[in-house]
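Asks: The structure follows.
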Amino acid sequence: RLLTDKAEQFAAAQVQLDSLSLVLDEKIAEVRRLGGDVEKLERIKRQLETDKRKLRYDLTFTSHHYALKISDYQKTLGLNESYLNRLKDEKGALQARTQSLEKEKHSILLENEGLKREKVALAQAVTKYSVENAELEQKINQAAVLKASEIRVSAIAPNGKERHATPLKGSRIDQLRIAFTLMANPLARQGEKDVYVRLLDPNGAVLRENGGGVLWIDGREIGYSVRHTLVYENGDLPAEVLFRREMKYNPGTYAVELYAEEFLIGTGEFRVR
């Protein structure tokens, strides 16, 4: 009967140690999954495996000795359960914080998208207003342009006699007098104004003398015949320009163009026979 009892106690100890080994494996796997420290549990597991091997050949086996060992293992597992619960709580808190940060990130991304759209809309509005301001400024500049009216061309003969009737006699032209009136414009700036007179022969070539040159109109370079500077004081201003050249005037219709401040301000014509 004594041997039977001892065999039963031996078998019970083996079962309990095997059961503890399985529980330890589960705990180690769970702690590792939660990111915890498994070094202590693995050390206990190695000791447990050592005890299991010793049990097979322990000739001095007593149920009391192994009951104490098993009790120690169970206490250790109980303490580890508290550590495991703390890991679970920490992981839960970390997951909650992660979710909160993800929500914040999503909110910030949405806000950034909104800011980007606002920035694009603002840039488009600035561009639109810049274009409108440029167009308005151009309209104001155009509105401020002086206009020349009553453009008349007369011929001065070598003897000083002046002829107003057209057609003019080409052989008797020593100088041309181009008379015109700058019309009052309250938007125009007062002060000195350069007026460029452009005379074109019947073939469209620019007549030139020593005072001729080039100017820029609408982004292109054109020649002019003579420049005249006058002082504008915001009232109708009669003016005249003399043009002289040595070459003969061929018969035909000549064009007169007046420019000021990069704008065409008046046109006229005269005929030569």
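Chain labels run A, B, ... following the order of the structure tokens; each chain numbers its residues from 1, and ligands are numbered from 1 in the order shown.
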Could the residues of range 53-168 of chain A that have an atom at most 12 Å from range 195-211 of chain A be listed as CSV, each with its closest atom pair and the distance in Å to one decimal, counting only C-alpha atoms and ordered by chain and ascending residue number?

Replies:
```
residue,atom,partner,partner_atom,distance
A:Val145,CA,A:Val195,CA,11.9
A:Leu146,CA,A:Val195,CA,10.1
A:Lys147,CA,A:Val195,CA,10.9
A:Ala148,CA,A:Val195,CA,9.9
A:Ile151,CA,A:Val197,CA,11.1
A:Val153,CA,A:Leu199,CA,10.7
```

Asks: Put those residues in a file: N, CA, C and O atoms, as a PDB file, in the first residue's frame.

Replies:
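out.pdb, written as the output of this step:
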```pdb
ATOM      1  N   VAL A 145      -4.659 109.731 -71.521  1.00  0.00           N
ATOM      2  CA  VAL A 145      -3.877 110.062 -72.715  1.00  0.00           C
ATOM      3  C   VAL A 145      -4.403 111.360 -73.342  1.00  0.00           C
ATOM      4  O   VAL A 145      -5.613 111.579 -73.459  1.00  0.00           O
ATOM      5  N   LEU A 146      -3.471 112.199 -73.748  1.00  0.00           N
ATOM      6  CA  LEU A 146      -3.843 113.422 -74.454  1.00  0.00           C
ATOM      7  C   LEU A 146      -4.307 113.088 -75.867  1.00  0.00           C
ATOM      8  O   LEU A 146      -3.848 112.114 -76.468  1.00  0.00           O
ATOM      9  N   LYS A 147      -5.193 113.881 -76.374  1.00  0.00           N
ATOM     10  CA  LYS A 147      -5.667 113.713 -77.746  1.00  0.00           C
ATOM     11  C   LYS A 147      -5.319 114.970 -78.548  1.00  0.00           C
ATOM     12  O   LYS A 147      -5.478 116.097 -78.063  1.00  0.00           O
ATOM     13  N   ALA A 148      -4.839 114.725 -79.781  1.00  0.00           N
ATOM     14  CA  ALA A 148      -4.513 115.839 -80.681  1.00  0.00           C
ATOM     15  C   ALA A 148      -5.625 115.964 -81.715  1.00  0.00           C
ATOM     16  O   ALA A 148      -6.063 114.974 -82.306  1.00  0.00           O
ATOM     17  N   ILE A 151      -5.453 118.603 -86.770  1.00  0.00           N
ATOM     18  CA  ILE A 151      -4.111 118.442 -87.336  1.00  0.00           C
ATOM     19  C   ILE A 151      -4.093 119.020 -88.751  1.00  0.00           C
ATOM     20  O   ILE A 151      -4.871 118.608 -89.619  1.00  0.00           O
ATOM     21  N   VAL A 153      -1.444 120.519 -91.979  1.00  0.00           N
ATOM     22  CA  VAL A 153      -0.090 120.556 -92.534  1.00  0.00           C
ATOM     23  C   VAL A 153      -0.041 121.635 -93.615  1.00  0.00           C
ATOM     24  O   VAL A 153      -0.882 121.653 -94.524  1.00  0.00           O
TER      25      VAL A 153
END
```

Asks: I want to know what sits within 8 Å of Asp194 in chain A, based on only C-alpha atoms, with residues of the same chain fewer than 2 positions away left out; could you give that as a PyMOL selection string?

Replies: chain A and resi 192+196+227-230+260-261

Asks: I'd like the contact shell of Gln16 in chain A - 12 Å cut-off, only C-alpha atoms, skipping same-chain residues fewer than 5 positions apart - returned as a list in words.

Replies: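 Here the qualifying residues turn out to be Gln9, Phe10, Ala11, Ser21, Leu22, Val23, Leu48, Asp51, Lys52, Leu55, Ser63, Tyr66, Ala67, Lys69, Ile70, Ser71, Tyr73 and Gln74 of chain A.
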
Asks: Could you write out the selected residues, including all heavy atoms, as a compact mmCIF listing (two decimals), in the first residue's frame?

Replies:
```
# COMPACT_ATOMS: atom_id res chain seq x y z
N GLN A 9 1.47 9.73 -5.71
CA GLN A 9 2.01 11.06 -5.41
C GLN A 9 3.02 11.50 -6.48
O GLN A 9 3.06 12.66 -6.89
CB GLN A 9 2.67 11.05 -4.02
CG GLN A 9 1.69 10.86 -2.88
CD GLN A 9 2.39 10.63 -1.56
OE1 GLN A 9 3.63 10.64 -1.46
NE2 GLN A 9 1.59 10.38 -0.50
N PHE A 10 3.84 10.53 -6.91
CA PHE A 10 4.83 10.80 -7.95
C PHE A 10 4.14 11.23 -9.26
O PHE A 10 4.54 12.21 -9.90
CB PHE A 10 5.68 9.54 -8.16
CG PHE A 10 6.77 9.70 -9.18
CD1 PHE A 10 8.01 10.22 -8.82
CD2 PHE A 10 6.57 9.33 -10.51
CE1 PHE A 10 9.01 10.37 -9.75
CE2 PHE A 10 7.57 9.49 -11.43
CZ PHE A 10 8.80 10.01 -11.07
N ALA A 11 3.11 10.49 -9.63
CA ALA A 11 2.37 10.79 -10.87
C ALA A 11 1.67 12.15 -10.77
O ALA A 11 1.65 12.93 -11.72
CB ALA A 11 1.35 9.67 -11.14
N SER A 21 4.21 23.84 -16.63
CA SER A 21 5.05 24.11 -17.80
C SER A 21 4.21 24.69 -18.95
O SER A 21 4.61 25.65 -19.61
CB SER A 21 5.75 22.83 -18.25
OG SER A 21 6.56 23.09 -19.37
N LEU A 22 3.03 24.10 -19.16
CA LEU A 22 2.13 24.61 -20.22
C LEU A 22 1.65 26.04 -19.91
O LEU A 22 1.61 26.90 -20.79
CB LEU A 22 0.93 23.67 -20.38
CG LEU A 22 1.23 22.28 -20.96
CD1 LEU A 22 -0.03 21.41 -20.93
CD2 LEU A 22 1.75 22.40 -22.38
N VAL A 23 1.31 26.25 -18.63
CA VAL A 23 0.86 27.60 -18.23
C VAL A 23 1.97 28.61 -18.44
O VAL A 23 1.75 29.74 -18.92
CB VAL A 23 0.39 27.59 -16.76
CG1 VAL A 23 0.12 29.01 -16.28
CG2 VAL A 23 -0.86 26.74 -16.61
N LEU A 48 11.93 24.94 -13.98
CA LEU A 48 10.84 23.97 -13.96
C LEU A 48 11.19 22.73 -14.77
O LEU A 48 10.95 21.58 -14.35
CB LEU A 48 9.55 24.61 -14.48
CG LEU A 48 8.32 23.70 -14.59
CD1 LEU A 48 7.94 23.17 -13.20
CD2 LEU A 48 7.15 24.46 -15.19
N ASP A 51 13.53 20.63 -12.85
CA ASP A 51 12.83 19.88 -11.80
C ASP A 51 12.07 18.70 -12.38
O ASP A 51 11.99 17.62 -11.77
CB ASP A 51 11.87 20.79 -11.04
CG ASP A 51 12.61 21.76 -10.12
OD1 ASP A 51 13.76 21.48 -9.77
OD2 ASP A 51 12.03 22.83 -9.77
N LYS A 52 11.52 18.89 -13.59
CA LYS A 52 10.78 17.79 -14.22
C LYS A 52 11.73 16.63 -14.57
O LYS A 52 11.38 15.46 -14.38
CB LYS A 52 10.09 18.28 -15.50
CG LYS A 52 8.83 19.10 -15.23
CD LYS A 52 8.31 19.74 -16.52
CE LYS A 52 7.88 18.68 -17.53
NZ LYS A 52 7.36 19.30 -18.77
N LEU A 55 12.78 14.83 -11.39
CA LEU A 55 11.71 14.03 -10.80
C LEU A 55 11.75 12.59 -11.32
O LEU A 55 11.45 11.63 -10.58
CB LEU A 55 10.35 14.67 -11.09
CG LEU A 55 9.11 13.92 -10.58
CD1 LEU A 55 9.15 13.81 -9.05
CD2 LEU A 55 7.84 14.65 -11.02
N SER A 63 6.45 13.70 -1.44
CA SER A 63 5.36 14.57 -1.93
C SER A 63 5.44 15.95 -1.28
O SER A 63 5.10 16.96 -1.90
CB SER A 63 4.01 13.92 -1.64
OG SER A 63 3.83 13.74 -0.23
N TYR A 66 8.05 18.21 -3.17
CA TYR A 66 7.58 18.70 -4.47
C TYR A 66 6.34 19.57 -4.34
O TYR A 66 6.08 20.45 -5.16
CB TYR A 66 7.34 17.52 -5.44
CG TYR A 66 8.62 17.12 -6.14
CD1 TYR A 66 9.45 16.17 -5.58
CD2 TYR A 66 8.99 17.73 -7.33
CE1 TYR A 66 10.64 15.82 -6.19
CE2 TYR A 66 10.19 17.38 -7.95
CZ TYR A 66 11.01 16.43 -7.39
OH TYR A 66 12.18 16.11 -8.02
N ALA A 67 5.58 19.34 -3.28
CA ALA A 67 4.42 20.21 -3.03
C ALA A 67 4.88 21.63 -2.76
O ALA A 67 4.27 22.62 -3.20
CB ALA A 67 3.60 19.67 -1.87
N LYS A 69 7.74 22.94 -3.92
CA LYS A 69 8.22 23.48 -5.20
C LYS A 69 7.05 23.97 -6.06
O LYS A 69 7.06 25.06 -6.61
CB LYS A 69 9.00 22.40 -5.96
CG LYS A 69 10.44 22.23 -5.50
CD LYS A 69 11.14 21.19 -6.37
CE LYS A 69 12.61 21.10 -6.02
NZ LYS A 69 13.33 22.29 -6.44
N ILE A 70 6.04 23.08 -6.12
CA ILE A 70 4.86 23.42 -6.94
C ILE A 70 4.17 24.67 -6.40
O ILE A 70 3.74 25.56 -7.14
CB ILE A 70 3.89 22.23 -7.02
CG1 ILE A 70 4.53 21.11 -7.85
CG2 ILE A 70 2.56 22.65 -7.62
CD1 ILE A 70 3.80 19.78 -7.76
N SER A 71 4.10 24.78 -5.08
CA SER A 71 3.49 25.95 -4.45
C SER A 71 4.27 27.22 -4.79
O SER A 71 3.69 28.28 -5.08
CB SER A 71 3.43 25.76 -2.94
OG SER A 71 2.91 26.92 -2.30
N TYR A 73 6.09 27.68 -7.48
CA TYR A 73 5.83 28.01 -8.89
C TYR A 73 4.47 28.70 -9.05
O TYR A 73 4.31 29.67 -9.81
CB TYR A 73 5.88 26.75 -9.75
CG TYR A 73 7.27 26.23 -10.02
CD1 TYR A 73 7.62 24.91 -9.77
CD2 TYR A 73 8.24 27.09 -10.55
CE1 TYR A 73 8.90 24.43 -10.01
CE2 TYR A 73 9.54 26.61 -10.80
CZ TYR A 73 9.86 25.30 -10.53
OH TYR A 73 11.13 24.84 -10.79
N GLN A 74 3.47 28.18 -8.31
CA GLN A 74 2.12 28.76 -8.40
C GLN A 74 2.09 30.20 -7.88
O GLN A 74 1.41 31.06 -8.44
CB GLN A 74 1.12 27.88 -7.64
CG GLN A 74 0.86 26.56 -8.32
CD GLN A 74 0.01 25.62 -7.49
OE1 GLN A 74 -0.04 25.75 -6.25
NE2 GLN A 74 -0.64 24.65 -8.14
```

Asks: Nearest to Arg86 in chain A: which of A:Asn185, A:Gly36, A:Pro167, A:Ala134 is it, counting only C-alpha atoms?

Replies: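 Closest to Arg86 in chain A of all the choices is A:Gly36.
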
Asks: Tell me which of A:Glu137, A:Ala144, A:Val272, A:Gly78 sits closest to Asn250 in chain A, counting only C-alpha atoms.

Replies: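 Closest residue, counting only C-alpha atoms: A:Val272.
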
Asks: Please extract the residues of range 104-200 of chain A with a backbone DSSP assignment of alpha helix (DSSP H) and present them as a PyMOL selection string.

Replies: chain A and resi 104-143

Asks: In Å, with one decimal, what is the gap from CA of Leu94 in chain A to CA of Ser82 in chain A?

Replies: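 That distance, rounded to one decimal, is 18.2 Å.
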
Asks: Per DSSP on the backbone, what are the strand (DSSP E or B) residues of range 57-179 of chain A, as a PDB file with N, CA, C and O atoms, in the first residue's frame?

Replies:
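Heads up, here's the output in result-v1.pdb:
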```pdb
ATOM      1  N   ALA A 148      -4.839 114.725 -79.781  1.00  0.00           N
ATOM      2  CA  ALA A 148      -4.513 115.839 -80.681  1.00  0.00           C
ATOM      3  C   ALA A 148      -5.625 115.964 -81.715  1.00  0.00           C
ATOM      4  O   ALA A 148      -6.063 114.974 -82.306  1.00  0.00           O
ATOM      5  N   SER A 149      -6.080 117.181 -81.903  1.00  0.00           N
ATOM      6  CA  SER A 149      -7.139 117.429 -82.892  1.00  0.00           C
ATOM      7  C   SER A 149      -6.703 118.563 -83.816  1.00  0.00           C
ATOM      8  O   SER A 149      -5.681 119.211 -83.596  1.00  0.00           O
ATOM      9  N   GLU A 150      -7.524 118.770 -84.846  1.00  0.00           N
ATOM     10  CA  GLU A 150      -7.283 119.866 -85.803  1.00  0.00           C
ATOM     11  C   GLU A 150      -5.856 119.821 -86.363  1.00  0.00           C
ATOM     12  O   GLU A 150      -5.119 120.813 -86.378  1.00  0.00           O
ATOM     13  N   ILE A 151      -5.453 118.603 -86.770  1.00  0.00           N
ATOM     14  CA  ILE A 151      -4.111 118.442 -87.336  1.00  0.00           C
ATOM     15  C   ILE A 151      -4.093 119.020 -88.751  1.00  0.00           C
ATOM     16  O   ILE A 151      -4.871 118.608 -89.619  1.00  0.00           O
ATOM     17  N   ARG A 152      -3.218 119.979 -88.958  1.00  0.00           N
ATOM     18  CA  ARG A 152      -3.125 120.667 -90.262  1.00  0.00           C
ATOM     19  C   ARG A 152      -1.661 120.710 -90.692  1.00  0.00           C
ATOM     20  O   ARG A 152      -0.769 120.928 -89.865  1.00  0.00           O
ATOM     21  N   VAL A 153      -1.444 120.519 -91.979  1.00  0.00           N
ATOM     22  CA  VAL A 153      -0.090 120.556 -92.534  1.00  0.00           C
ATOM     23  C   VAL A 153      -0.041 121.635 -93.615  1.00  0.00           C
ATOM     24  O   VAL A 153      -0.882 121.653 -94.524  1.00  0.00           O
ATOM     25  N   SER A 154       0.932 122.520 -93.499  1.00  0.00           N
ATOM     26  CA  SER A 154       1.131 123.553 -94.504  1.00  0.00           C
ATOM     27  C   SER A 154       2.580 123.522 -94.965  1.00  0.00           C
ATOM     28  O   SER A 154       3.457 122.996 -94.269  1.00  0.00           O
ATOM     29  N   ALA A 155       2.807 124.080 -96.162  1.00  0.00           N
ATOM     30  CA  ALA A 155       4.146 124.075 -96.744  1.00  0.00           C
ATOM     31  C   ALA A 155       4.735 125.484 -96.704  1.00  0.00           C
ATOM     32  O   ALA A 155       4.053 126.466 -97.013  1.00  0.00           O
ATOM     33  N   ILE A 156       5.985 125.563 -96.324  1.00  0.00           N
ATOM     34  CA  ILE A 156       6.701 126.841 -96.328  1.00  0.00           C
ATOM     35  C   ILE A 156       7.726 126.787 -97.456  1.00  0.00           C
ATOM     36  O   ILE A 156       8.579 125.888 -97.502  1.00  0.00           O
ATOM     37  N   GLU A 162       4.027 130.771 -97.088  1.00  0.00           N
ATOM     38  CA  GLU A 162       3.386 129.561 -96.574  1.00  0.00           C
ATOM     39  C   GLU A 162       2.108 129.275 -97.340  1.00  0.00           C
ATOM     40  O   GLU A 162       1.326 130.176 -97.643  1.00  0.00           O
ATOM     41  N   ARG A 163       1.900 127.983 -97.674  1.00  0.00           N
ATOM     42  CA  ARG A 163       0.718 127.569 -98.428  1.00  0.00           C
ATOM     43  C   ARG A 163      -0.036 126.528 -97.601  1.00  0.00           C
ATOM     44  O   ARG A 163       0.529 125.540 -97.145  1.00  0.00           O
ATOM     45  N   LEU A 168      -0.234 120.186-101.884  1.00  0.00           N
ATOM     46  CA  LEU A 168       0.924 121.055-101.820  1.00  0.00           C
ATOM     47  C   LEU A 168       1.829 120.768-103.012  1.00  0.00           C
ATOM     48  O   LEU A 168       1.922 119.639-103.492  1.00  0.00           O
ATOM     49  N   GLN A 175       9.973 123.580 -95.952  1.00  0.00           N
ATOM     50  CA  GLN A 175       9.651 123.051 -94.632  1.00  0.00           C
ATOM     51  C   GLN A 175       8.169 122.704 -94.578  1.00  0.00           C
ATOM     52  O   GLN A 175       7.367 123.278 -95.326  1.00  0.00           O
ATOM     53  N   LEU A 176       7.849 121.788 -93.682  1.00  0.00           N
ATOM     54  CA  LEU A 176       6.447 121.490 -93.392  1.00  0.00           C
ATOM     55  C   LEU A 176       6.144 121.991 -91.981  1.00  0.00           C
ATOM     56  O   LEU A 176       6.935 121.802 -91.055  1.00  0.00           O
ATOM     57  N   ARG A 177       4.989 122.670 -91.869  1.00  0.00           N
ATOM     58  CA  ARG A 177       4.529 123.088 -90.560  1.00  0.00           C
ATOM     59  C   ARG A 177       3.355 122.189 -90.172  1.00  0.00           C
ATOM     60  O   ARG A 177       2.342 122.187 -90.871  1.00  0.00           O
ATOM     61  N   ILE A 178       3.510 121.423 -89.091  1.00  0.00           N
ATOM     62  CA  ILE A 178       2.432 120.543 -88.614  1.00  0.00           C
ATOM     63  C   ILE A 178       1.822 121.219 -87.390  1.00  0.00           C
ATOM     64  O   ILE A 178       2.457 121.303 -86.329  1.00  0.00           O
ATOM     65  N   ALA A 179       0.612 121.692 -87.523  1.00  0.00           N
ATOM     66  CA  ALA A 179      -0.079 122.375 -86.427  1.00  0.00           C
ATOM     67  C   ALA A 179      -1.177 121.459 -85.878  1.00  0.00           C
ATOM     68  O   ALA A 179      -1.820 120.713 -86.622  1.00  0.00           O
TER      69      ALA A 179
END
```

Asks: Quote the spacing between CA of Asn234 in chain A and CA of Met183 in chain A in Å to one decimal place.

Replies: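 About the pair CA of Asn234 in chain A and CA of Met183 in chain A: they are 8.4 Å apart.
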